[in-house]
$ cat run_10.pdb   # PDB, C-alpha atoms
ATOM      1  CA  GLY A  28      -2.535  -0.069  16.545  1.00  0.00           C
ATOM      2  CA  CYS A  29      -1.484   3.354  15.336  1.00  0.00           C
ATOM      3  CA  SER A  30      -0.488   6.138  17.651  1.00  0.00           C
ATOM      4  CA  LYS A  31      -3.130   8.851  17.864  1.00  0.00           C
ATOM      5  CA  PRO A  32      -1.526  12.289  18.064  1.00  0.00           C
ATOM      6  CA  LYS A  33      -3.672  15.300  18.807  1.00  0.00           C
ATOM      7  CA  VAL A  34      -4.017  17.286  15.593  1.00  0.00           C
ATOM      8  CA  GLU A  35      -5.622  20.706  15.725  1.00  0.00           C
ATOM      9  CA  PRO A  36      -7.512  21.826  12.614  1.00  0.00           C
ATOM     10  CA  THR A  37      -5.692  24.626  10.808  1.00  0.00           C
ATOM     11  CA  SER A  38      -6.260  26.775   7.789  1.00  0.00           C
ATOM     12  CA  ALA A  39      -3.947  28.421   5.299  1.00  0.00           C
ATOM     13  CA  ALA A  40      -5.011  31.805   6.612  1.00  0.00           C
ATOM     14  CA  GLU A  41      -3.966  30.855  10.147  1.00  0.00           C
ATOM     15  CA  THR A  42      -0.667  29.248   9.250  1.00  0.00           C
ATOM     16  CA  GLY A  43       0.433  31.056   6.128  1.00  0.00           C
ATOM     17  CA  ALA A  44       1.154  27.629   4.605  1.00  0.00           C
ATOM     18  CA  ALA A  45       0.460  26.780   0.993  1.00  0.00           C
ATOM     19  CA  GLY A  46      -1.576  23.720   1.994  1.00  0.00           C
ATOM     20  CA  SER A  47      -4.094  23.339   4.791  1.00  0.00           C
ATOM     21  CA  PHE A  48      -5.005  20.183   6.662  1.00  0.00           C
ATOM     22  CA  ASP A  49      -8.326  19.721   8.436  1.00  0.00           C
ATOM     23  CA  ALA A  50      -8.113  16.583  10.561  1.00  0.00           C
ATOM     24  CA  THR A  51     -11.188  17.122  12.694  1.00  0.00           C
ATOM     25  CA  GLY A  52     -11.943  13.875  14.436  1.00  0.00           C
ATOM     26  CA  ILE A  53     -10.022  11.658  12.038  1.00  0.00           C
ATOM     27  CA  LEU A  54      -8.442   9.281  14.510  1.00  0.00           C
ATOM     28  CA  GLY A  55     -11.201   8.729  17.001  1.00  0.00           C
ATOM     29  CA  GLY A  56     -14.314   6.639  16.522  1.00  0.00           C
ATOM     30  CA  ALA A  57     -15.752   4.633  13.680  1.00  0.00           C
ATOM     31  CA  ALA A  58     -17.047   5.902  10.370  1.00  0.00           C
ATOM     32  CA  PRO A  59     -20.510   7.445  10.550  1.00  0.00           C
ATOM     33  CA  THR A  60     -23.034   4.676   9.891  1.00  0.00           C
ATOM     34  CA  GLY A  61     -24.481   5.035   6.396  1.00  0.00           C
ATOM     35  CA  ASP A  62     -22.565   8.254   5.753  1.00  0.00           C
ATOM     36  CA  SER A  63     -19.606   7.235   3.605  1.00  0.00           C
ATOM     37  CA  ALA A  64     -19.632  10.685   1.969  1.00  0.00           C
ATOM     38  CA  LYS A  65     -18.638  12.414   5.226  1.00  0.00           C
ATOM     39  CA  VAL A  66     -15.217  14.048   4.901  1.00  0.00           C
ATOM     40  CA  LEU A  67     -12.494  12.348   6.903  1.00  0.00           C
ATOM     41  CA  ALA A  68      -9.677  14.755   6.022  1.00  0.00           C
ATOM     42  CA  SER A  69      -8.976  17.598   3.611  1.00  0.00           C
ATOM     43  CA  VAL A  70      -5.682  19.051   2.438  1.00  0.00           C
ATOM     44  CA  ASP A  71      -4.794  21.693  -0.127  1.00  0.00           C
ATOM     45  CA  GLY A  72      -8.301  21.763  -1.586  1.00  0.00           C
ATOM     46  CA  GLU A  73      -8.765  17.985  -1.857  1.00  0.00           C
ATOM     47  CA  SER A  74     -10.891  15.853   0.460  1.00  0.00           C
ATOM     48  CA  LEU A  75     -10.871  12.214   1.535  1.00  0.00           C
ATOM     49  CA  THR A  76     -14.191  10.718   2.603  1.00  0.00           C
ATOM     50  CA  TYR A  77     -14.795   7.805   4.936  1.00  0.00           C
ATOM     51  CA  GLY A  78     -16.037   5.802   1.955  1.00  0.00           C
ATOM     52  CA  GLU A  79     -12.890   6.508  -0.081  1.00  0.00           C
ATOM     53  CA  ALA A  80     -10.693   5.604   2.889  1.00  0.00           C
ATOM     54  CA  ASP A  81     -12.491   2.281   3.252  1.00  0.00           C
ATOM     55  CA  VAL A  82     -12.053   1.605  -0.479  1.00  0.00           C
ATOM     56  CA  MET A  83      -8.314   2.224  -0.050  1.00  0.00           C
ATOM     57  CA  LEU A  84      -8.273  -0.123   2.956  1.00  0.00           C
ATOM     58  CA  ARG A  85     -10.029  -2.830   0.937  1.00  0.00           C
ATOM     59  CA  ARG A  86      -7.434  -2.462  -1.822  1.00  0.00           C
ATOM     60  CA  MET A  87      -4.612  -2.767   0.692  1.00  0.00           C
ATOM     61  CA  LEU A  88      -6.143  -5.914   2.179  1.00  0.00           C
ATOM     62  CA  ALA A  89      -6.847  -7.427  -1.249  1.00  0.00           C
ATOM     63  CA  SER A  90      -3.260  -6.803  -2.369  1.00  0.00           C
ATOM     64  CA  GLN A  91      -2.136  -8.809   0.674  1.00  0.00           C
ATOM     65  CA  GLY A  92      -4.348 -11.756  -0.270  1.00  0.00           C
ATOM     66  CA  ALA A  93      -7.273 -11.164   2.096  1.00  0.00           C
ATOM     67  CA  PRO A  94     -10.254 -13.385   1.090  1.00  0.00           C
ATOM     68  CA  GLN A  95     -13.146 -11.406  -0.381  1.00  0.00           C
ATOM     69  CA  GLU A  96     -15.676 -13.196   1.818  1.00  0.00           C
ATOM     70  CA  GLN A  97     -13.865 -11.884   4.918  1.00  0.00           C
ATOM     71  CA  MET A  98     -13.388  -8.342   3.641  1.00  0.00           C
ATOM     72  CA  ASP A  99     -16.355  -6.709   5.400  1.00  0.00           C
ATOM     73  CA  ALA A 100     -15.334  -8.195   8.753  1.00  0.00           C
ATOM     74  CA  LEU A 101     -11.703  -7.136   8.277  1.00  0.00           C
ATOM     75  CA  VAL A 102     -12.677  -3.559   7.389  1.00  0.00           C
ATOM     76  CA  GLN A 103     -14.947  -3.420  10.440  1.00  0.00           C
ATOM     77  CA  GLN A 104     -12.169  -4.771  12.656  1.00  0.00           C
ATOM     78  CA  MET A 105      -9.259  -2.736  11.269  1.00  0.00           C
ATOM     79  CA  GLY A 106     -10.979   0.423  10.028  1.00  0.00           C
ATOM     80  CA  ASP A 107     -10.380   2.594  13.090  1.00  0.00           C
ATOM     81  CA  SER A 108      -6.696   1.729  13.436  1.00  0.00           C
ATOM     82  CA  MET A 109      -5.900   1.918   9.721  1.00  0.00           C
ATOM     83  CA  ARG A 110      -7.687   5.170   8.862  1.00  0.00           C
ATOM     84  CA  GLY A 111      -4.970   7.196  10.581  1.00  0.00           C
ATOM     85  CA  ARG A 112      -2.325   5.630   8.341  1.00  0.00           C
ATOM     86  CA  ILE A 113      -4.482   6.132   5.246  1.00  0.00           C
ATOM     87  CA  VAL A 114      -4.977   9.805   6.126  1.00  0.00           C
ATOM     88  CA  GLU A 115      -1.208  10.271   6.546  1.00  0.00           C
ATOM     89  CA  GLN A 116      -0.634   8.734   3.108  1.00  0.00           C
ATOM     90  CA  PHE A 117      -3.373  10.883   1.577  1.00  0.00           C
ATOM     91  CA  VAL A 118      -1.983  14.104   3.057  1.00  0.00           C
ATOM     92  CA  GLY A 119       1.599  13.371   2.042  1.00  0.00           C
ATOM     93  CA  SER A 120       0.808  12.197  -1.488  1.00  0.00           C
ATOM     94  CA  THR A 121      -1.589  15.095  -2.130  1.00  0.00           C
ATOM     95  CA  LEU A 122       0.947  17.742  -1.110  1.00  0.00           C
ATOM     96  CA  LEU A 123       3.705  16.078  -3.151  1.00  0.00           C
ATOM     97  CA  LYS A 124       1.415  15.669  -6.166  1.00  0.00           C
ATOM     98  CA  HIS A 125       0.476  19.345  -6.050  1.00  0.00           C
ATOM     99  CA  GLU A 126       4.105  20.421  -5.693  1.00  0.00           C
ATOM    100  CA  ALA A 127       5.058  18.289  -8.710  1.00  0.00           C
ATOM    101  CA  ALA A 128       2.240  19.916 -10.694  1.00  0.00           C
ATOM    102  CA  ALA A 129       3.379  23.387  -9.625  1.00  0.00           C
ATOM    103  CA  ARG A 130       6.865  22.585 -10.945  1.00  0.00           C
ATOM    104  CA  GLN A 131       5.310  21.306 -14.177  1.00  0.00           C
ATOM    105  CA  ILE A 132       6.898  17.872 -13.850  1.00  0.00           C
ATOM    106  CA  GLU A 133       5.608  15.725 -16.693  1.00  0.00           C
ATOM    107  CA  VAL A 134       5.420  11.964 -17.202  1.00  0.00           C
ATOM    108  CA  SER A 135       5.083  10.583 -20.729  1.00  0.00           C
ATOM    109  CA  ASP A 136       2.747   7.797 -21.814  1.00  0.00           C
ATOM    110  CA  ALA A 137       5.831   5.709 -22.621  1.00  0.00           C
ATOM    111  CA  GLU A 138       7.097   6.083 -19.040  1.00  0.00           C
ATOM    112  CA  VAL A 139       3.717   4.988 -17.687  1.00  0.00           C
ATOM    113  CA  GLU A 140       3.636   1.928 -19.962  1.00  0.00           C
ATOM    114  CA  SER A 141       7.172   1.015 -18.904  1.00  0.00           C
ATOM    115  CA  VAL A 142       6.001   0.827 -15.269  1.00  0.00           C
ATOM    116  CA  VAL A 143       2.908  -1.185 -16.300  1.00  0.00           C
ATOM    117  CA  SER A 144       5.142  -3.642 -18.155  1.00  0.00           C
ATOM    118  CA  ASN A 145       7.446  -3.959 -15.143  1.00  0.00           C
ATOM    119  CA  LEU A 146       4.487  -4.661 -12.847  1.00  0.00           C
ATOM    120  CA  SER A 147       3.260  -7.383 -15.186  1.00  0.00           C
ATOM    121  CA  THR A 148       6.576  -9.231 -15.012  1.00  0.00           C
ATOM    122  CA  ARG A 149       6.464  -9.293 -11.195  1.00  0.00           C
ATOM    123  CA  LEU A 150       3.124 -11.105 -10.900  1.00  0.00           C
ATOM    124  CA  PRO A 151       2.963 -14.723  -9.709  1.00  0.00           C
ATOM    125  CA  PRO A 152       2.839 -17.385 -12.442  1.00  0.00           C
ATOM    126  CA  GLY A 153      -0.653 -17.824 -13.845  1.00  0.00           C
ATOM    127  CA  THR A 154      -1.844 -14.361 -12.762  1.00  0.00           C
ATOM    128  CA  ASP A 155      -2.439 -11.552 -15.249  1.00  0.00           C
ATOM    129  CA  LEU A 156      -2.493  -7.850 -14.415  1.00  0.00           C
ATOM    130  CA  GLU A 157      -6.198  -7.289 -15.067  1.00  0.00           C
ATOM    131  CA  THR A 158      -7.151 -10.158 -12.750  1.00  0.00           C
ATOM    132  CA  ALA A 159      -4.881  -8.800 -10.004  1.00  0.00           C
ATOM    133  CA  LEU A 160      -6.390  -5.323 -10.409  1.00  0.00           C
ATOM    134  CA  THR A 161      -9.941  -6.687 -10.286  1.00  0.00           C
ATOM    135  CA  ARG A 162      -9.174  -8.364  -6.951  1.00  0.00           C
ATOM    136  CA  MET A 163      -8.122  -4.962  -5.617  1.00  0.00           C
ATOM    137  CA  GLY A 164     -11.128  -3.133  -7.088  1.00  0.00           C
ATOM    138  CA  LEU A 165      -8.985  -1.166  -9.551  1.00  0.00           C
ATOM    139  CA  THR A 166      -9.310  -0.558 -13.289  1.00  0.00           C
ATOM    140  CA  MET A 167      -6.429  -0.214 -15.744  1.00  0.00           C
ATOM    141  CA  GLU A 168      -7.358   3.464 -16.161  1.00  0.00           C
ATOM    142  CA  GLN A 169      -7.168   4.090 -12.402  1.00  0.00           C
ATOM    143  CA  MET A 170      -3.866   2.238 -12.179  1.00  0.00           C
ATOM    144  CA  ARG A 171      -2.325   4.295 -14.994  1.00  0.00           C
ATOM    145  CA  LYS A 172      -3.445   7.517 -13.294  1.00  0.00           C
ATOM    146  CA  ASP A 173      -1.880   6.372 -10.008  1.00  0.00           C
ATOM    147  CA  ILE A 174       1.332   5.442 -11.819  1.00  0.00           C
ATOM    148  CA  ARG A 175       1.510   8.863 -13.488  1.00  0.00           C
ATOM    149  CA  ASP A 176       1.045  10.610 -10.124  1.00  0.00           C
ATOM    150  CA  ASN A 177       3.637   8.368  -8.448  1.00  0.00           C
ATOM    151  CA  GLU A 178       6.164   8.917 -11.233  1.00  0.00           C
ATOM    152  CA  ARG A 179       5.745  12.700 -10.897  1.00  0.00           C
ATOM    153  CA  ILE A 180       6.419  12.376  -7.163  1.00  0.00           C
ATOM    154  CA  ARG A 181       9.445  10.155  -7.840  1.00  0.00           C
ATOM    155  CA  LYS A 182      10.877  12.767 -10.212  1.00  0.00           C
ATOM    156  CA  LEU A 183      10.217  15.460  -7.594  1.00  0.00           C
ATOM    157  CA  TYR A 184      12.158  13.452  -4.996  1.00  0.00           C
ATOM    158  CA  GLU A 185      15.018  12.919  -7.428  1.00  0.00           C
ATOM    159  CA  SER A 186      15.179  16.620  -8.272  1.00  0.00           C
ATOM    160  CA  GLU A 187      15.646  17.395  -4.568  1.00  0.00           C
ATOM    161  CA  THR A 188      17.871  14.517  -3.459  1.00  0.00           C
ATOM    162  CA  GLY A 189      20.108  14.896  -6.501  1.00  0.00           C
ATOM    163  CA  LYS A 190      21.376  18.179  -5.039  1.00  0.00           C
ATOM    164  CA  VAL A 191      22.475  16.567  -1.775  1.00  0.00           C
ATOM    165  CA  PRO A 192      26.144  15.475  -1.707  1.00  0.00           C
ATOM    166  CA  ALA A 193      26.827  11.883  -0.717  1.00  0.00           C
ATOM    167  CA  ALA A 194      27.758  11.381   2.932  1.00  0.00           C
ATOM    168  CA  THR A 195      31.372  10.499   3.654  1.00  0.00           C
ATOM    169  CA  GLU A 196      32.324   7.350   5.554  1.00  0.00           C
ATOM    170  CA  ALA A 197      33.354   9.533   8.497  1.00  0.00           C
ATOM    171  CA  GLU A 198      29.952  11.277   8.549  1.00  0.00           C
ATOM    172  CA  ILE A 199      28.143   7.929   8.377  1.00  0.00           C
ATOM    173  CA  ALA A 200      30.207   6.521  11.250  1.00  0.00           C
ATOM    174  CA  ALA A 201      29.684   9.643  13.371  1.00  0.00           C
ATOM    175  CA  TYR A 202      25.935   9.586  12.807  1.00  0.00           C
ATOM    176  CA  TYR A 203      25.757   5.911  13.736  1.00  0.00           C
ATOM    177  CA  GLU A 204      27.699   6.457  16.957  1.00  0.00           C
ATOM    178  CA  GLU A 205      25.452   9.373  17.956  1.00  0.00           C
ATOM    179  CA  ASN A 206      22.247   7.463  17.167  1.00  0.00           C
ATOM    180  CA  ALA A 207      23.185   3.869  17.963  1.00  0.00           C
ATOM    181  CA  ALA A 208      19.993   3.297  19.959  1.00  0.00           C
ATOM    182  CA  GLN A 209      17.886   3.899  16.839  1.00  0.00           C
ATOM    183  CA  PHE A 210      19.589   1.009  15.069  1.00  0.00           C
ATOM    184  CA  ALA A 211      19.155  -1.527  17.876  1.00  0.00           C
ATOM    185  CA  LYS A 212      16.829  -4.365  16.873  1.00  0.00           C
ATOM    186  CA  GLY A 213      14.977  -6.660  19.216  1.00  0.00           C
ATOM    187  CA  GLU A 214      13.985 -10.226  18.556  1.00  0.00           C
ATOM    188  CA  GLU A 215      12.139 -10.686  15.269  1.00  0.00           C
ATOM    189  CA  VAL A 216      10.057 -13.421  13.702  1.00  0.00           C
ATOM    190  CA  GLU A 217       9.714 -13.900   9.950  1.00  0.00           C
ATOM    191  CA  ALA A 218       6.572 -15.648   8.736  1.00  0.00           C
ATOM    192  CA  ARG A 219       5.727 -16.902   5.247  1.00  0.00           C
ATOM    193  CA  HIS A 220       2.708 -18.623   3.774  1.00  0.00           C
ATOM    194  CA  ILE A 221       1.522 -20.390   0.644  1.00  0.00           C
ATOM    195  CA  LEU A 222      -2.145 -19.691  -0.123  1.00  0.00           C
ATOM    196  CA  ILE A 223      -4.222 -22.381  -1.813  1.00  0.00           C
ATOM    197  CA  GLY A 224      -7.425 -20.522  -2.604  1.00  0.00           C
ATOM    198  CA  THR A 225     -10.891 -22.086  -2.324  1.00  0.00           C
ATOM    199  CA  ARG A 226     -13.024 -18.987  -2.910  1.00  0.00           C
ATOM    200  CA  ASP A 227     -16.363 -19.923  -4.556  1.00  0.00           C
ATOM    201  CA  ALA A 228     -15.203 -23.549  -4.792  1.00  0.00           C
ATOM    202  CA  ASP A 229     -17.498 -26.542  -4.415  1.00  0.00           C
ATOM    203  CA  GLU A 230     -16.793 -29.348  -1.951  1.00  0.00           C
ATOM    204  CA  ALA A 231     -14.882 -31.414  -4.513  1.00  0.00           C
ATOM    205  CA  ARG A 232     -12.512 -28.556  -5.332  1.00  0.00           C
ATOM    206  CA  LYS A 233     -12.054 -27.776  -1.641  1.00  0.00           C
ATOM    207  CA  ALA A 234     -11.050 -31.393  -1.076  1.00  0.00           C
ATOM    208  CA  GLU A 235      -8.551 -31.131  -3.967  1.00  0.00           C
ATOM    209  CA  ALA A 236      -7.137 -27.920  -2.471  1.00  0.00           C
ATOM    210  CA  LYS A 237      -6.737 -29.589   0.928  1.00  0.00           C
ATOM    211  CA  THR A 238      -4.927 -32.540  -0.650  1.00  0.00           C
ATOM    212  CA  LYS A 239      -2.651 -30.142  -2.534  1.00  0.00           C
ATOM    213  CA  ALA A 240      -1.875 -28.135   0.629  1.00  0.00           C
ATOM    214  CA  GLU A 241      -1.095 -31.298   2.597  1.00  0.00           C
ATOM    215  CA  GLY A 242       1.187 -32.471  -0.212  1.00  0.00           C
ATOM    216  CA  LEU A 243       3.063 -29.153  -0.230  1.00  0.00           C
ATOM    217  CA  ARG A 244       3.456 -29.292   3.544  1.00  0.00           C
ATOM    218  CA  LYS A 245       4.901 -32.803   3.291  1.00  0.00           C
ATOM    219  CA  GLN A 246       7.450 -31.569   0.720  1.00  0.00           C
ATOM    220  CA  LEU A 247       8.439 -28.677   3.004  1.00  0.00           C
ATOM    221  CA  VAL A 248       8.859 -30.925   6.023  1.00  0.00           C
ATOM    222  CA  GLU A 249      11.132 -33.111   3.902  1.00  0.00           C
ATOM    223  CA  GLY A 250      13.294 -30.106   3.051  1.00  0.00           C
ATOM    224  CA  ALA A 251      11.855 -28.672  -0.188  1.00  0.00           C
ATOM    225  CA  ASP A 252      12.665 -25.031  -1.025  1.00  0.00           C
ATOM    226  CA  PHE A 253       9.852 -22.829   0.305  1.00  0.00           C
ATOM    227  CA  ALA A 254      10.368 -19.977  -2.174  1.00  0.00           C
ATOM    228  CA  ALA A 255      10.279 -22.354  -5.155  1.00  0.00           C
ATOM    229  CA  LEU A 256       7.067 -24.020  -3.972  1.00  0.00           C
ATOM    230  CA  ALA A 257       5.472 -20.639  -3.236  1.00  0.00           C
ATOM    231  CA  ALA A 258       6.333 -19.273  -6.687  1.00  0.00           C
ATOM    232  CA  ALA A 259       4.849 -22.349  -8.363  1.00  0.00           C
ATOM    233  CA  ASN A 260       1.770 -22.899  -6.179  1.00  0.00           C
ATOM    234  CA  SER A 261       0.679 -19.880  -4.106  1.00  0.00           C
ATOM    235  CA  ASP A 262      -2.520 -18.150  -5.249  1.00  0.00           C
ATOM    236  CA  CYS A 263      -1.499 -14.707  -3.978  1.00  0.00           C
ATOM    237  CA  PRO A 264       1.524 -12.404  -4.482  1.00  0.00           C
ATOM    238  CA  SER A 265       2.626 -12.677  -0.858  1.00  0.00           C
TER     239      SER A 265
END

$ encode --input "run_10.pdb" --output "structure tokens"
Amino acid sequence: GCSKPKVEPTSAAETGAAGSFDATGILGGAAPTGDSAKVLASVDGESLTYGEADVMLRRMLASQGAPQEQMDALVQQMGDSMRGRIVEQFVGSTLLKHEAAARQIEVSDAEVESVVSNLSTRLPPGTDLETALTRMGLTMEQMRKDIRDNERIRKLYESETGKVPAATEAEIAAYYEENAAQFAKGEEVEARHILIGTRDADEARKAEAKTKAEGLRKQLVEGADFAALAAANSDCPS
């Protein structure tokens, strides 16, 4: 679960800040039943509703290969814990987007299409971009808008970080020594999966999918390369 810090509602008049963040009640309790239009958070003149937050959660789950038939249950189960993270992303991206606009940072259509083209080349074999977007509840128009906003933010970051001189080896070593505890890593487990989808399939196709999955497992047990089999057979990007 996410940590739940106490956040007091503030206003620009109280803080003197350019942007204000009203987080009244965002991290406690479920979404109001039947009231998806209720505001979850607002920052710098823009608001995020419970309904919009749940749409974002559904997109996140879909991008990770969550089955559509399980989506409602997953949102119900994970909504409370994930809304805090979604609000943090909304606040950060909104403030950065507005700062980029204030600095008149522009992104050309050609730059947007370059990112679209790059995304298309990274999809699993047999999957096209429009199909992937449909699974996540996105349109091409929405995706292009998101790309333009993200590219503005990227240029904003670069304009700031480009002014920072590179750290010397001595500075890097000194920082590591002073903060060694932050770099300590406990035991970790890495998990992978190959998804053989059966959504909306009849019994015959489900039987075929099971046979295919069992065949892939047999190959893996005998030493086949997992990444190669995943690239050729998995029905989701993960």

$ atom_distance --input "run_10.pdb" --atom1 "CA of Met163 (chain A)" --atom2 "CA of Asp136 (chain A)"
23.3 Å

$ resolve_selection --input "run_10.pdb" --expression "the PyMOL selection byres ((chain A and resi 94) around 12)" --output "ChimeraX atom specification"
/A:85-86,88-93,95-102,162-163,222-227,262-263

$ residues_near_point --input "run_10.pdb" --point "(-7.9, 17.3, -4.0)" --cutoff "10 Å" --atoms "only C-alpha atoms" --output "JSON, numbers by chain"
{"A": [69, 70, 71, 72, 73, 74, 75, 117, 118, 121, 122, 124, 125]}

$ resolve_selection --input "run_10.pdb" --expression "the PyMOL selection byres ((chain A and resi 156) around 12)" --output "list in words"
Val143, Ser144, Asn145, Leu146, Ser147, Thr148, Arg149, Leu150, Pro151, Pro152, Gly153, Thr154, Asp155, Glu157, Thr158, Ala159, Leu160, Thr161, Arg162, Met163, Leu165, Thr166, Met167, Met170 and Pro264 of chain A

$ atom_distance --input "run_10.pdb" --atom1 "CA of Ala257 (chain A)" --atom2 "CA of Ala231 (chain A)"
23.1 Å

$ atom_distance --input "run_10.pdb" --atom1 "CA of Ile113 (chain A)" --atom2 "CA of Glu185 (chain A)"
24.2 Å

$ residues_around --input "run_10.pdb" --residues "Arg175 (chain A)" --least-positions-apart "6" --cutoff "12 Å" --atoms "only C-alpha atoms" --output "list of chain:residue names"
A:Lys124, A:Ala127, A:Ala128, A:Ile132, A:Glu133, A:Val134, A:Ser135, A:Asp136, A:Ala137, A:Glu138, A:Val139, A:Glu140, A:Ser141, A:Val142, A:Val143, A:Glu168, A:Gln169, A:Arg181, A:Lys182

$ axis_aligned_box --input "run_10.pdb" --around "region 156-175 of chain A" --padding-each-side "3 Å" --output "JSON"
{"center_x": -4.8, "center_y": -0.6, "center_z": -10.9, "size_x": 18.6, "size_y": 25.0, "size_z": 16.5}

$ decode --input "run_10.pdb" --residues "region 81-102 of chain A" --atoms "N, CA and C atoms" --output "PDB file, in the first residue's frame"
ATOM      1  N   ASP A  81     -10.166   6.894 -11.682  1.00  0.00           N
ATOM      2  CA  ASP A  81     -10.428   5.485 -11.937  1.00  0.00           C
ATOM      3  C   ASP A  81     -10.172   5.120 -13.398  1.00  0.00           C
ATOM      4  N   VAL A  82     -10.432   6.064 -14.316  1.00  0.00           N
ATOM      5  CA  VAL A  82     -10.097   5.831 -15.724  1.00  0.00           C
ATOM      6  C   VAL A  82      -8.583   5.672 -15.876  1.00  0.00           C
ATOM      7  N   MET A  83      -7.819   6.520 -15.191  1.00  0.00           N
ATOM      8  CA  MET A  83      -6.360   6.423 -15.242  1.00  0.00           C
ATOM      9  C   MET A  83      -5.893   5.089 -14.661  1.00  0.00           C
ATOM     10  N   LEU A  84      -6.530   4.651 -13.565  1.00  0.00           N
ATOM     11  CA  LEU A  84      -6.172   3.368 -12.967  1.00  0.00           C
ATOM     12  C   LEU A  84      -6.456   2.225 -13.929  1.00  0.00           C
ATOM     13  N   ARG A  85      -7.597   2.283 -14.622  1.00  0.00           N
ATOM     14  CA  ARG A  85      -7.935   1.240 -15.585  1.00  0.00           C
ATOM     15  C   ARG A  85      -6.905   1.187 -16.721  1.00  0.00           C
ATOM     16  N   ARG A  86      -6.450   2.363 -17.153  1.00  0.00           N
ATOM     17  CA  ARG A  86      -5.438   2.398 -18.213  1.00  0.00           C
ATOM     18  C   ARG A  86      -4.128   1.784 -17.730  1.00  0.00           C
ATOM     19  N   MET A  87      -3.757   2.096 -16.501  1.00  0.00           N
ATOM     20  CA  MET A  87      -2.531   1.523 -15.943  1.00  0.00           C
ATOM     21  C   MET A  87      -2.630   0.002 -15.884  1.00  0.00           C
ATOM     22  N   LEU A  88      -3.763  -0.502 -15.422  1.00  0.00           N
ATOM     23  CA  LEU A  88      -3.946  -1.949 -15.304  1.00  0.00           C
ATOM     24  C   LEU A  88      -3.972  -2.603 -16.679  1.00  0.00           C
ATOM     25  N   ALA A  89      -4.654  -1.965 -17.640  1.00  0.00           N
ATOM     26  CA  ALA A  89      -4.729  -2.523 -18.990  1.00  0.00           C
ATOM     27  C   ALA A  89      -3.355  -2.581 -19.635  1.00  0.00           C
ATOM     28  N   SER A  90      -2.533  -1.546 -19.402  1.00  0.00           N
ATOM     29  CA  SER A  90      -1.194  -1.522 -19.996  1.00  0.00           C
ATOM     30  C   SER A  90      -0.312  -2.626 -19.432  1.00  0.00           C
ATOM     31  N   GLN A  91      -0.679  -3.137 -18.254  1.00  0.00           N
ATOM     32  CA  GLN A  91       0.070  -4.226 -17.623  1.00  0.00           C
ATOM     33  C   GLN A  91      -0.529  -5.597 -17.932  1.00  0.00           C
ATOM     34  N   GLY A  92      -1.540  -5.609 -18.823  1.00  0.00           N
ATOM     35  CA  GLY A  92      -2.108  -6.882 -19.256  1.00  0.00           C
ATOM     36  C   GLY A  92      -3.252  -7.398 -18.418  1.00  0.00           C
ATOM     37  N   ALA A  93      -3.851  -6.549 -17.571  1.00  0.00           N
ATOM     38  CA  ALA A  93      -4.967  -7.021 -16.744  1.00  0.00           C
ATOM     39  C   ALA A  93      -6.157  -7.399 -17.630  1.00  0.00           C
ATOM     40  N   PRO A  94      -6.775  -8.563 -17.415  1.00  0.00           N
ATOM     41  CA  PRO A  94      -7.932  -8.982 -18.225  1.00  0.00           C
ATOM     42  C   PRO A  94      -9.111  -8.037 -18.030  1.00  0.00           C
ATOM     43  N   GLN A  95      -9.795  -7.702 -19.114  1.00  0.00           N
ATOM     44  CA  GLN A  95     -10.911  -6.770 -19.046  1.00  0.00           C
ATOM     45  C   GLN A  95     -12.012  -7.278 -18.129  1.00  0.00           C
ATOM     46  N   GLU A  96     -12.230  -8.610 -18.140  1.00  0.00           N
ATOM     47  CA  GLU A  96     -13.330  -9.150 -17.334  1.00  0.00           C
ATOM     48  C   GLU A  96     -13.052  -9.047 -15.837  1.00  0.00           C
ATOM     49  N   GLN A  97     -11.798  -8.796 -15.459  1.00  0.00           N
ATOM     50  CA  GLN A  97     -11.448  -8.650 -14.045  1.00  0.00           C
ATOM     51  C   GLN A  97     -11.255  -7.191 -13.634  1.00  0.00           C
ATOM     52  N   MET A  98     -11.437  -6.273 -14.591  1.00  0.00           N
ATOM     53  CA  MET A  98     -11.087  -4.885 -14.351  1.00  0.00           C
ATOM     54  C   MET A  98     -11.882  -4.253 -13.207  1.00  0.00           C
ATOM     55  N   ASP A  99     -13.201  -4.469 -13.195  1.00  0.00           N
ATOM     56  CA  ASP A  99     -14.030  -3.861 -12.147  1.00  0.00           C
ATOM     57  C   ASP A  99     -13.579  -4.318 -10.760  1.00  0.00           C
ATOM     58  N   ALA A 100     -13.290  -5.620 -10.628  1.00  0.00           N
ATOM     59  CA  ALA A 100     -12.870  -6.149  -9.335  1.00  0.00           C
ATOM     60  C   ALA A 100     -11.511  -5.580  -8.928  1.00  0.00           C
ATOM     61  N   LEU A 101     -10.606  -5.439  -9.904  1.00  0.00           N
ATOM     62  CA  LEU A 101      -9.279  -4.897  -9.605  1.00  0.00           C
ATOM     63  C   LEU A 101      -9.369  -3.440  -9.170  1.00  0.00           C
ATOM     64  N   VAL A 102     -10.193  -2.650  -9.859  1.00  0.00           N
ATOM     65  CA  VAL A 102     -10.357  -1.242  -9.490  1.00  0.00           C
ATOM     66  C   VAL A 102     -10.945  -1.137  -8.086  1.00  0.00           C
TER      67      VAL A 102
END
